[in-house]
Each structure stands twice: as C-alpha cells, then as structure tokens.
>>> print(open('structure28.tsv').read())   # TSV, C-alpha atoms
chain	number	residue	atom	x	y	z
A	9	LYS	CA	0.00	0.00	0.00
A	10	SER	CA	2.85	2.34	0.81
A	11	GLY	CA	4.39	1.71	-2.60
A	12	VAL	CA	1.11	2.40	-4.38
A	13	ALA	CA	0.61	5.61	-2.41
A	14	ASP	CA	4.14	6.76	-3.25
A	15	ALA	CA	3.55	6.03	-6.95
A	16	LYS	CA	0.34	8.08	-6.92
A	17	VAL	CA	2.09	10.99	-5.26
A	18	GLN	CA	4.91	10.77	-7.80
A	19	ASN	CA	2.44	10.72	-10.71
A	20	ARG	CA	0.60	13.70	-9.25
A	21	ASN	CA	3.83	15.63	-8.82
A	22	TRP	CA	4.87	14.76	-12.37
A	23	GLY	CA	1.54	15.95	-13.77
A	24	MET	CA	1.71	19.16	-11.75
A	25	PHE	CA	5.28	19.75	-12.90
A	26	VAL	CA	4.42	19.31	-16.58
A	27	PHE	CA	1.41	21.58	-16.27
A	28	GLY	CA	3.48	24.19	-14.42
A	29	VAL	CA	6.14	24.22	-17.14
A	30	VAL	CA	3.57	24.50	-19.94
A	31	ALA	CA	1.65	27.18	-18.06
A	32	LEU	CA	4.81	29.25	-17.54
A	33	ALA	CA	5.66	28.92	-21.24
A	34	THR	CA	2.16	30.06	-22.15
A	35	VAL	CA	2.23	33.06	-19.83
A	36	TYR	CA	5.68	34.01	-21.10
A	37	HIS	CA	4.44	33.92	-24.70
A	38	PHE	CA	1.74	36.49	-23.99
A	39	LEU	CA	3.66	38.73	-21.60
A	40	ALA	CA	6.87	38.81	-23.65
A	41	GLY	CA	5.10	40.21	-26.71
A	42	TYR	CA	4.32	38.64	-30.07
A	43	VAL	CA	2.92	39.55	-33.47
A	44	PRO	CA	-0.83	38.78	-33.49
A	45	GLN	CA	-2.65	37.35	-36.48
A	46	PHE	CA	-5.87	39.18	-37.29
A	47	GLN	CA	-8.33	36.47	-38.33
A	48	ASP	CA	-11.26	38.87	-38.34
A	49	ALA	CA	-11.94	42.60	-38.17
A	50	THR	CA	-12.43	42.78	-34.40
A	51	TYR	CA	-9.15	44.60	-33.76
A	52	GLU	CA	-9.78	47.17	-36.48
A	53	ILE	CA	-13.37	47.70	-35.33
A	54	VAL	CA	-12.15	48.42	-31.80
A	55	LEU	CA	-9.67	50.97	-33.15
A	56	GLY	CA	-12.50	52.56	-35.10
A	57	ASN	CA	-14.71	52.66	-32.01
A	58	LEU	CA	-12.00	54.33	-29.95
A	59	LYS	CA	-11.32	56.88	-32.67
A	60	SER	CA	-14.95	57.73	-33.44
A	61	GLY	CA	-16.37	57.39	-29.94
A	62	GLY	CA	-19.24	55.27	-31.29
A	63	ILE	CA	-20.04	51.57	-31.56
A	64	MET	CA	-19.42	49.98	-34.95
A	65	THR	CA	-20.18	53.14	-36.92
A	66	VAL	CA	-17.04	53.07	-39.07
A	67	HIS	CA	-16.06	50.30	-41.49
A	68	PRO	CA	-12.69	48.90	-40.29
A	69	PHE	CA	-11.18	48.91	-43.79
A	70	LEU	CA	-13.15	51.38	-45.90
A	71	GLY	CA	-13.76	54.09	-43.31
A	72	THR	CA	-17.42	54.43	-44.34
A	73	GLU	CA	-20.50	54.52	-42.12
A	74	THR	CA	-21.79	50.97	-41.52
A	75	GLU	CA	-24.04	51.33	-38.46
A	76	ALA	CA	-27.20	50.50	-40.43
A	77	ALA	CA	-25.62	47.31	-41.79
A	78	MET	CA	-24.52	45.94	-38.43
A	79	PRO	CA	-26.94	43.64	-36.55
A	80	MET	CA	-28.07	45.11	-33.22
A	81	ARG	CA	-26.71	42.11	-31.29
A	82	MET	CA	-23.27	42.69	-32.78
A	83	ARG	CA	-23.29	46.42	-32.07
A	84	ILE	CA	-24.43	46.23	-28.45
A	85	LEU	CA	-23.23	42.85	-27.18
A	86	GLY	CA	-20.37	42.21	-29.58
A	87	LEU	CA	-16.75	41.69	-28.59
A	88	SER	CA	-15.66	44.99	-30.10
A	89	SER	CA	-18.05	46.87	-27.80
A	90	LEU	CA	-16.73	45.02	-24.74
A	91	TYR	CA	-13.10	45.55	-25.69
A	92	SER	CA	-13.72	49.23	-26.44
A	93	ALA	CA	-15.25	49.68	-22.98
A	94	LEU	CA	-12.40	47.82	-21.23
A	95	ILE	CA	-9.75	49.85	-23.05
A	96	THR	CA	-11.51	53.12	-22.30
A	97	ILE	CA	-12.00	52.32	-18.61
A	98	SER	CA	-8.52	50.89	-18.02
A	99	GLN	CA	-6.72	53.51	-20.14
A	100	GLN	CA	-4.52	50.74	-21.54
A	101	SER	CA	-3.53	50.24	-25.17
A	102	PRO	CA	-5.59	47.89	-27.39
A	103	TYR	CA	-2.57	45.60	-27.69
A	104	ILE	CA	-2.25	45.18	-23.90
A	105	ILE	CA	-5.93	44.39	-23.41
A	106	MET	CA	-6.68	42.36	-26.54
A	107	CYS	CA	-3.38	40.60	-27.20
A	108	LYS	CA	-2.11	40.02	-23.65
A	109	MET	CA	-4.79	40.16	-20.98
A	110	VAL	CA	-7.74	38.68	-22.90
A	111	PRO	CA	-5.88	35.61	-24.29
A	112	LEU	CA	-4.55	34.81	-20.81
A	113	ILE	CA	-8.06	34.99	-19.38
A	114	ILE	CA	-9.43	32.82	-22.20
A	115	TRP	CA	-6.65	30.26	-21.65
A	116	ALA	CA	-7.33	30.19	-17.88
A	117	LEU	CA	-11.09	29.77	-18.39
A	118	SER	CA	-10.49	26.96	-20.87
A	119	ILE	CA	-8.18	25.16	-18.45
A	120	LEU	CA	-10.76	25.53	-15.66
A	121	ILE	CA	-13.48	24.01	-17.84
A	122	TYR	CA	-11.30	21.03	-18.70
A	123	TRP	CA	-10.38	20.68	-15.03
A	124	VAL	CA	-14.10	20.32	-14.25
A	125	PHE	CA	-14.23	17.71	-17.01
A	126	SER	CA	-11.36	15.84	-15.36
A	127	LYS	CA	-13.18	15.82	-12.01
A	128	GLU	CA	-16.11	14.05	-13.67
A	129	LEU	CA	-13.94	11.66	-15.67
A	130	PHE	CA	-11.50	10.82	-12.85
A	131	ALA	CA	-13.48	11.53	-9.70
A	132	GLU	CA	-11.34	9.33	-7.47
A	133	ASN	CA	-7.95	9.86	-9.09
A	134	VAL	CA	-6.26	13.23	-8.65
A	135	GLU	CA	-3.16	12.01	-10.47
A	136	LYS	CA	-5.11	11.39	-13.67
A	137	ARG	CA	-6.72	14.80	-13.37
A	138	TRP	CA	-3.34	16.51	-13.47
A	139	ILE	CA	-2.21	14.34	-16.36
A	140	PHE	CA	-5.40	15.15	-18.25
A	141	ILE	CA	-5.12	18.90	-17.72
A	142	SER	CA	-1.42	18.79	-18.62
A	143	MET	CA	-2.31	17.11	-21.90
A	144	VAL	CA	-4.85	19.85	-22.64
A	145	ALA	CA	-2.26	22.56	-22.04
A	146	LEU	CA	0.24	20.65	-24.18
A	147	VAL	CA	-2.27	20.37	-27.02
A	148	TYR	CA	-2.63	24.15	-27.05
A	149	VAL	CA	1.13	24.55	-27.27
A	150	ALA	CA	1.55	21.75	-29.84
A	151	THR	CA	-1.11	23.22	-32.14
A	152	SER	CA	0.11	26.81	-31.81
A	153	GLY	CA	2.14	26.43	-35.00
A	154	GLY	CA	-0.70	25.22	-37.22
A	155	GLU	CA	-2.79	27.98	-38.76
A	156	GLY	CA	-6.47	27.48	-38.06
A	157	LEU	CA	-5.93	25.09	-35.14
A	158	VAL	CA	-7.20	25.96	-31.69
A	159	GLY	CA	-3.71	26.52	-30.24
A	160	TYR	CA	-2.79	28.87	-33.08
A	161	ARG	CA	-5.95	30.89	-32.58
A	162	LEU	CA	-5.39	31.08	-28.84
A	163	PHE	CA	-1.72	32.05	-29.05
A	164	TYR	CA	-1.98	34.52	-31.93
A	165	SER	CA	-5.62	35.62	-32.07
A	166	GLY	CA	-6.87	35.03	-28.56
A	167	PHE	CA	-9.20	38.00	-28.62
A	168	SER	CA	-11.34	36.79	-31.53
A	169	GLY	CA	-14.80	35.36	-31.13
A	170	GLU	CA	-13.79	32.15	-32.90
A	171	THR	CA	-11.08	31.58	-30.30
A	172	ILE	CA	-13.48	32.11	-27.41
A	173	ARG	CA	-15.92	29.72	-29.03
A	174	ALA	CA	-13.33	27.00	-29.65
A	175	ALA	CA	-11.50	27.24	-26.32
A	176	VAL	CA	-14.35	28.08	-23.92
A	177	LEU	CA	-17.89	27.94	-25.30
A	178	LEU	CA	-17.73	24.57	-27.07
A	179	PRO	CA	-16.26	22.55	-24.16
A	180	TYR	CA	-18.51	24.44	-21.75
A	181	THR	CA	-21.60	23.60	-23.80
A	182	LEU	CA	-20.55	19.96	-24.03
A	183	TYR	CA	-20.06	19.76	-20.26
A	184	VAL	CA	-23.32	21.41	-19.20
A	185	SER	CA	-25.24	19.39	-21.79
A	186	TRP	CA	-23.61	16.24	-20.45
A	187	GLN	CA	-24.86	17.25	-16.99
A	188	LYS	CA	-28.34	18.10	-18.41
A	189	ARG	CA	-28.06	21.73	-17.38
A	190	TRP	CA	-30.00	23.01	-20.32
A	191	CYS	CA	-30.42	26.57	-19.03
A	192	LEU	CA	-26.64	26.97	-18.90
A	193	ALA	CA	-26.41	25.53	-22.40
A	194	GLY	CA	-28.88	28.19	-23.48
A	195	ILE	CA	-26.60	30.88	-22.07
A	196	ALA	CA	-23.71	29.48	-24.12
A	197	ILE	CA	-25.89	29.54	-27.25
A	198	LEU	CA	-26.75	33.19	-26.67
A	199	ALA	CA	-23.12	34.04	-25.93
A	200	GLU	CA	-21.99	32.49	-29.21
A	201	ALA	CA	-24.69	34.40	-31.09
A	202	CYS	CA	-23.37	37.65	-29.63
A	203	LEU	CA	-19.64	36.94	-29.96
A	204	VAL	CA	-19.36	35.20	-33.33
A	205	TRP	CA	-20.97	35.78	-36.70
A	206	THR	CA	-23.63	33.09	-36.94
A	207	THR	CA	-26.62	32.29	-39.17
A	208	PHE	CA	-29.46	34.08	-37.35
A	209	GLY	CA	-27.87	33.11	-34.05
A	210	VAL	CA	-27.58	29.41	-34.91
A	211	GLY	CA	-24.06	28.20	-34.19
A	212	TYR	CA	-22.08	25.18	-33.02
A	213	CYS	CA	-23.24	25.49	-29.41
A	214	LEU	CA	-26.85	24.97	-30.50
A	215	LEU	CA	-25.84	21.94	-32.57
A	216	ILE	CA	-23.97	20.45	-29.60
A	217	THR	CA	-26.93	21.06	-27.29
A	218	ILE	CA	-29.40	19.43	-29.68
A	219	SER	CA	-27.06	16.47	-30.25
A	220	MET	CA	-26.54	15.94	-26.52
A	221	PHE	CA	-30.27	16.24	-25.88
A	222	LEU	CA	-30.90	13.49	-28.43
A	223	VAL	CA	-28.16	11.33	-26.90
A	224	HIS	CA	-29.73	11.67	-23.44
A	225	TRP	CA	-33.17	10.99	-24.90
A	226	VAL	CA	-31.98	7.77	-26.54
A	227	LEU	CA	-29.98	6.59	-23.52
A	228	ASP	CA	-32.90	7.25	-21.13
A	229	ARG	CA	-34.98	4.86	-23.24
>>> encode(input="structure28.tsv", output="structure tokens")
Amino acid sequence: KSGVADAKVQNRNWGMFVFGVVALATVYHFLAGYVPQFQDATYEIVLGNLKSGGIMTVHPFLGTETEAAMPMRMRILGLSSLYSALITISQQSPYIIMCKMVPLIIWALSILIYWVFSKELFAENVEKRWIFISMVALVYVATSGGEGLVGYRLFYSGFSGETIRAAVLLPYTLYVSWQKRWCLAGIAILAEACLVWTTFGVGYCLLITISMFLVHWVLDR
C-alpha cells in the first residue's frame, strides 16, 4: 500500500510539474510580446470605435458609415463593444488588453473548464486529473504552429470570437449538456450568437446542445 501511495504521489507531482512548465511557457508567450494574427476585423473595429467614440459606426477597412448594416446584437453585445469599454476604462492600449490580458483569461477559463471535465472523468484519481489537464495545455502549445488550429488561434488571435468559441464555449456547452443543465447551455448559445458571426444566431453550441439532448433521450430509453 505504501508503494502504491508513493507512486500516486509521484504521478501527481509529475503531472503538476508538466502543467506548471507549460503554463509558464504560455504566460511568457503572452507577456513577452508577439505579433498577433488578425483572423477577423475585431481589432480594427475596436480601433474605429476608440477613434470615433461610437459603436461599430465606421467600417474597419473602408472608413465608411456601416451602423445601419450591423446587426443590433453585434453592435451592443459584440466583442468589439466590450473591448472598447475595457480599453476606455482601463486607459490601456488595445494591444495590452486584446493581445495580452484577454488571451490569458481565455486560456485560464479553458483550463478551468477542462479541469471540471477531469473531475467528472476521474473523480477518485487526482493524479489522472493533473495528467489530463497537462495534456490539454500541451495540445494548445503543440497546435500553436498550425494555422487554423485551436492553439494557433489562442496564441496569436486570442481576442477573436472564434477563439473564445473553440477554447471556452464549445467545451462548456458539451459539459453542461452532459450534466443536463439546459439553461446553462442556453446561455452558451446566446453568448456564441453575440460573440461570433452566426446564421441568425444558430451556431455550433446549439448543434452540440441538440445532439446531446438526443443522446440523453436515446440513452434514457
């Protein structure tokens, strides 16, 4: 029994060590400075908001008035509005807020969601939880060099709505749907509709929720 206990402690320490190293590398990447990749127009829209003092009234590339063309949900609840408010209140530069602080917060939220997953998957084994969460952090680092992959989006475009959806909303929706917390799944659906361009609000979170509902319906019978 003593040998088994020592092995578990060693595995836990190993998992914690790996996660700590990967976490430090991730934090260093954001705090040291990097060249972001602009996958969408969010950054330019924020700059336009700060310059004009309005919300999505200037086209990020053409400089023309586009307020009438922007959906109300994107103008009021969109990411650009939130970032513009944070930058104005904090008096920090757009780069500090959008390319350093926001990606770190998104990474931390994603890790927390997967940690909750690990508690459900390995309820009685803390060692496996740390291994699982270390693997998640390693996947982000390993995919940071592949354009379009979740790690690349997180490391070089962490402020975009697509990144928030891939790293936070999708695993969150899967978890709450797994737990049959449909009201929380509804919040994720609304959040995606406000953060990412979708087809009349229908996005991946809704598809996950419907799929999980059908899975539960079949399994219950």
>>> closest_residue(input="structure28.tsv", among="A:Phe25, A:Tyr122, A:Tyr91, A:Phe167", to="Arg137 of chain A", atoms="all atoms listed in the file")
A:Tyr122
>>> closest_atom_pairs(input="structure28.tsv", of="segment 151-224 of chain A", to="segment 47-62 of chain A", cutoff="12 Å", atoms="all atoms listed in the file", output="Markdown table")
| residue | atom | partner | partner_atom | distance |
| --- | --- | --- | --- | --- |
| A:Glu155 | CA | A:Gln47 | CA | 10.1 |
| A:Gly156 | CA | A:Gln47 | CA | 9.2 |
| A:Tyr160 | CA | A:Gln47 | CA | 10.8 |
| A:Arg161 | CA | A:Gln47 | CA | 8.4 |
| A:Leu162 | CA | A:Gln47 | CA | 11.3 |
| A:Tyr164 | CA | A:Gln47 | CA | 9.2 |
| A:Ser165 | CA | A:Gln47 | CA | 6.9 |
| A:Gly166 | CA | A:Gln47 | CA | 10.0 |
| A:Phe167 | CA | A:Thr50 | CA | 8.2 |
| A:Ser168 | CA | A:Thr50 | CA | 6.7 |
| A:Gly169 | CA | A:Thr50 | CA | 8.4 |
| A:Glu170 | CA | A:Gln47 | CA | 8.8 |
| A:Thr171 | CA | A:Gln47 | CA | 9.8 |
| A:Leu203 | CA | A:Thr50 | CA | 10.3 |
| A:Val204 | CA | A:Asp48 | CA | 10.2 |
| A:Trp205 | CA | A:Asp48 | CA | 10.3 |
>>> closest_residue(input="structure28.tsv", among="A:Ser98, A:Gln187, A:Ser219, A:Ser142", to="Phe27 of chain A", atoms="all atoms listed in the file")
A:Ser142
>>> axis_aligned_box(input="structure28.tsv", around="segment 96-103 of chain A", padding_each_side="8 Å", output="AutoDock Vina command-line options")
--center_x -7.3 --center_y 49.6 --center_z -22.9 --size_x 25.4 --size_y 23.9 --size_z 25.7
>>> atom_distance(input="structure28.tsv", atom1="atom CA of Gly153 of chain A", atom2="atom CA of Ala33 of chain A")
14.4 Å
>>> atom_distance(input="structure28.tsv", atom1="atom CA of Gln45 of chain A", atom2="atom CA of Ile113 of chain A")
18.1 Å
>>> closest_residue(input="structure28.tsv", among="A:Ile139, A:Ile114, A:Met24, A:Leu87", to="Phe38 of chain A", atoms="all atoms listed in the file")
A:Ile114
>>> closest_residue(input="structure28.tsv", among="A:Leu94, A:Ala150, A:Ala196, A:Cys191", to="Leu215 of chain A", atoms="all atoms listed in the file")
A:Ala196
>>> atom_distance(input="structure28.tsv", atom1="atom CA of Tyr148 of chain A", atom2="atom CA of Ser88 of chain A")
24.8 Å
>>> closest_residue(input="structure28.tsv", among="A:Ile141, A:Val147, A:Leu227, A:Leu178", to="Gly159 of chain A", atoms="only C-alpha atoms")
A:Val147
>>> closest_residue(input="structure28.tsv", among="A:Ala116, A:Met143, A:Met220, A:Ala201", to="Thr181 of chain A", atoms="only C-alpha atoms")
A:Met220
>>> residues_around(input="structure28.tsv", residues="Phe125 of chain A", least_positions_apart="3", cutoff="12 Å", atoms="all atoms listed in the file", output="list in words")
Ser118, Ile119, Leu120, Ile121, Tyr122, Glu128, Leu129, Phe130, Ala131, Lys136, Arg137, Trp138, Phe140, Ile141, Val144, Pro179, Tyr180, Thr181, Leu182, Tyr183, Val184, Trp186 and Gln187 of chain A
>>> residues_near_point(input="structure28.tsv", point="(-23.9, 28.1, -30.1)", cutoff="9 Å", atoms="only C-alpha atoms", output="list in words")
Arg173, Leu177, Leu178, Thr181, Ala193, Gly194, Ile195, Ala196, Ile197, Leu198, Ala199, Glu200, Ala201, Thr206, Gly209, Val210, Gly211, Tyr212, Cys213, Leu214, Leu215, Ile216 and Thr217 of chain A
>>> write_last_selection(input="structure28.tsv", atoms="C-alpha atoms", output="JSON list (two decimals), keeping the file's coordinate frame")
[["chain", "number", "residue", "atom", "x", "y", "z"],
["A", 173, "ARG", "CA", -15.92, 29.72, -29.03],
["A", 177, "LEU", "CA", -17.89, 27.94, -25.30],
["A", 178, "LEU", "CA", -17.73, 24.57, -27.07],
["A", 181, "THR", "CA", -21.60, 23.60, -23.80],
["A", 193, "ALA", "CA", -26.41, 25.53, -22.40],
["A", 194, "GLY", "CA", -28.88, 28.19, -23.48],
["A", 195, "ILE", "CA", -26.60, 30.88, -22.07],
["A", 196, "ALA", "CA", -23.71, 29.48, -24.12],
["A", 197, "ILE", "CA", -25.89, 29.54, -27.25],
["A", 198, "LEU", "CA", -26.75, 33.19, -26.67],
["A", 199, "ALA", "CA", -23.12, 34.04, -25.93],
["A", 200, "GLU", "CA", -21.99, 32.49, -29.21],
["A", 201, "ALA", "CA", -24.69, 34.40, -31.09],
["A", 206, "THR", "CA", -23.63, 33.09, -36.94],
["A", 209, "GLY", "CA", -27.87, 33.11, -34.05],
["A", 210, "VAL", "CA", -27.58, 29.41, -34.91],
["A", 211, "GLY", "CA", -24.06, 28.20, -34.19],
["A", 212, "TYR", "CA", -22.08, 25.18, -33.02],
["A", 213, "CYS", "CA", -23.24, 25.49, -29.41],
["A", 214, "LEU", "CA", -26.85, 24.97, -30.50],
["A", 215, "LEU", "CA", -25.84, 21.94, -32.57],
["A", 216, "ILE", "CA", -23.97, 20.45, -29.60],
["A", 217, "THR", "CA", -26.93, 21.06, -27.29]]
>>> build_atoms(input="structure28.tsv", residues="segment 142-168 of chain A", atoms="N, CA, C and O atoms", output="mmCIF file, keeping the file's coordinate frame")
data_model
loop_
_atom_site.group_PDB
_atom_site.id
_atom_site.type_symbol
_atom_site.label_atom_id
_atom_site.label_comp_id
_atom_site.auth_asym_id
_atom_site.auth_seq_id
_atom_site.Cartn_x
_atom_site.Cartn_y
_atom_site.Cartn_z
ATOM 1 N N SER A 142 -2.725 18.549 -18.006
ATOM 2 C CA SER A 142 -1.420 18.790 -18.620
ATOM 3 C C SER A 142 -1.467 18.508 -20.113
ATOM 4 O O SER A 142 -0.884 19.243 -20.917
ATOM 5 N N MET A 143 -2.176 17.446 -20.490
ATOM 6 C CA MET A 143 -2.310 17.110 -21.900
ATOM 7 C C MET A 143 -3.078 18.190 -22.655
ATOM 8 O O MET A 143 -2.753 18.521 -23.797
ATOM 9 N N VAL A 144 -4.094 18.762 -22.010
ATOM 10 C CA VAL A 144 -4.850 19.850 -22.640
ATOM 11 C C VAL A 144 -3.943 21.044 -22.892
ATOM 12 O O VAL A 144 -3.930 21.624 -23.987
ATOM 13 N N ALA A 145 -3.174 21.427 -21.878
ATOM 14 C CA ALA A 145 -2.260 22.560 -22.040
ATOM 15 C C ALA A 145 -1.211 22.277 -23.100
ATOM 16 O O ALA A 145 -0.831 23.171 -23.871
ATOM 17 N N LEU A 146 -0.742 21.022 -23.161
ATOM 18 C CA LEU A 146 0.240 20.650 -24.180
ATOM 19 C C LEU A 146 -0.350 20.683 -25.586
ATOM 20 O O LEU A 146 0.336 21.060 -26.535
ATOM 21 N N VAL A 147 -1.610 20.310 -25.710
ATOM 22 C CA VAL A 147 -2.270 20.370 -27.020
ATOM 23 C C VAL A 147 -2.319 21.806 -27.520
ATOM 24 O O VAL A 147 -2.083 22.066 -28.714
ATOM 25 N N TYR A 148 -2.609 22.744 -26.645
ATOM 26 C CA TYR A 148 -2.630 24.150 -27.050
ATOM 27 C C TYR A 148 -1.261 24.591 -27.556
ATOM 28 O O TYR A 148 -1.156 25.288 -28.568
ATOM 29 N N VAL A 149 -0.215 24.174 -26.850
ATOM 30 C CA VAL A 149 1.130 24.550 -27.270
ATOM 31 C C VAL A 149 1.512 23.836 -28.571
ATOM 32 O O VAL A 149 2.072 24.436 -29.496
ATOM 33 N N ALA A 150 1.176 22.540 -28.659
ATOM 34 C CA ALA A 150 1.550 21.750 -29.840
ATOM 35 C C ALA A 150 0.852 22.235 -31.101
ATOM 36 O O ALA A 150 1.406 22.140 -32.200
ATOM 37 N N THR A 151 -0.362 22.761 -30.966
ATOM 38 C CA THR A 151 -1.110 23.220 -32.140
ATOM 39 C C THR A 151 -0.949 24.714 -32.391
ATOM 40 O O THR A 151 -1.616 25.263 -33.274
ATOM 41 N N SER A 152 -0.075 25.364 -31.644
ATOM 42 C CA SER A 152 0.110 26.810 -31.810
ATOM 43 C C SER A 152 0.823 27.154 -33.114
ATOM 44 O O SER A 152 0.816 28.317 -33.533
ATOM 45 N N GLY A 153 1.441 26.158 -33.757
ATOM 46 C CA GLY A 153 2.140 26.430 -35.000
ATOM 47 C C GLY A 153 1.337 26.116 -36.247
ATOM 48 O O GLY A 153 1.793 26.373 -37.364
ATOM 49 N N GLY A 154 0.131 25.580 -36.081
ATOM 50 C CA GLY A 154 -0.700 25.220 -37.220
ATOM 51 C C GLY A 154 -1.824 26.215 -37.431
ATOM 52 O O GLY A 154 -2.729 26.326 -36.589
ATOM 53 N N GLU A 155 -1.786 26.941 -38.513
ATOM 54 C CA GLU A 155 -2.790 27.980 -38.760
ATOM 55 C C GLU A 155 -4.180 27.365 -38.830
ATOM 56 O O GLU A 155 -4.424 26.391 -39.534
ATOM 57 N N GLY A 156 -5.101 27.956 -38.098
ATOM 58 C CA GLY A 156 -6.470 27.480 -38.060
ATOM 59 C C GLY A 156 -6.768 26.549 -36.899
ATOM 60 O O GLY A 156 -7.936 26.336 -36.560
ATOM 61 N N LEU A 157 -5.736 25.975 -36.272
ATOM 62 C CA LEU A 157 -5.930 25.090 -35.140
ATOM 63 C C LEU A 157 -6.203 25.901 -33.879
ATOM 64 O O LEU A 157 -5.900 27.088 -33.793
ATOM 65 N N VAL A 158 -6.758 25.237 -32.874
ATOM 66 C CA VAL A 158 -7.200 25.960 -31.690
ATOM 67 C C VAL A 158 -6.022 26.617 -30.962
ATOM 68 O O VAL A 158 -6.141 27.739 -30.455
ATOM 69 N N GLY A 159 -4.868 25.929 -30.902
ATOM 70 C CA GLY A 159 -3.710 26.520 -30.240
ATOM 71 C C GLY A 159 -3.203 27.754 -30.964
ATOM 72 O O GLY A 159 -2.813 28.751 -30.344
ATOM 73 N N TYR A 160 -3.218 27.711 -32.288
ATOM 74 C CA TYR A 160 -2.790 28.870 -33.080
ATOM 75 C C TYR A 160 -3.702 30.060 -32.846
ATOM 76 O O TYR A 160 -3.233 31.189 -32.666
ATOM 77 N N ARG A 161 -4.999 29.808 -32.841
ATOM 78 C CA ARG A 161 -5.950 30.890 -32.580
ATOM 79 C C ARG A 161 -5.750 31.481 -31.196
ATOM 80 O O ARG A 161 -5.794 32.696 -31.005
ATOM 81 N N LEU A 162 -5.543 30.602 -30.212
ATOM 82 C CA LEU A 162 -5.390 31.080 -28.840
ATOM 83 C C LEU A 162 -4.108 31.874 -28.662
ATOM 84 O O LEU A 162 -4.103 32.924 -28.012
ATOM 85 N N PHE A 163 -3.015 31.420 -29.256
ATOM 86 C CA PHE A 163 -1.720 32.050 -29.050
ATOM 87 C C PHE A 163 -1.530 33.303 -29.910
ATOM 88 O O PHE A 163 -0.736 34.176 -29.555
ATOM 89 N N TYR A 164 -2.228 33.394 -31.037
ATOM 90 C CA TYR A 164 -1.980 34.520 -31.930
ATOM 91 C C TYR A 164 -3.225 35.332 -32.279
ATOM 92 O O TYR A 164 -3.116 36.366 -32.925
ATOM 93 N N SER A 165 -4.391 34.864 -31.855
ATOM 94 C CA SER A 165 -5.620 35.620 -32.070
ATOM 95 C C SER A 165 -6.593 35.322 -30.947
ATOM 96 O O SER A 165 -7.765 35.032 -31.173
ATOM 97 N N GLY A 166 -6.086 35.422 -29.724
ATOM 98 C CA GLY A 166 -6.870 35.030 -28.560
ATOM 99 C C GLY A 166 -8.045 35.914 -28.257
ATOM 100 O O GLY A 166 -8.910 35.542 -27.464
ATOM 101 N N PHE A 167 -8.104 37.068 -28.878
ATOM 102 C CA PHE A 167 -9.200 38.000 -28.620
ATOM 103 C C PHE A 167 -10.399 37.778 -29.527
ATOM 104 O O PHE A 167 -11.459 38.379 -29.327
ATOM 105 N N SER A 168 -10.267 36.952 -30.542
ATOM 106 C CA SER A 168 -11.340 36.790 -31.530
ATOM 107 C C SER A 168 -12.472 35.934 -30.982
ATOM 108 O O SER A 168 -12.287 35.113 -30.081
#
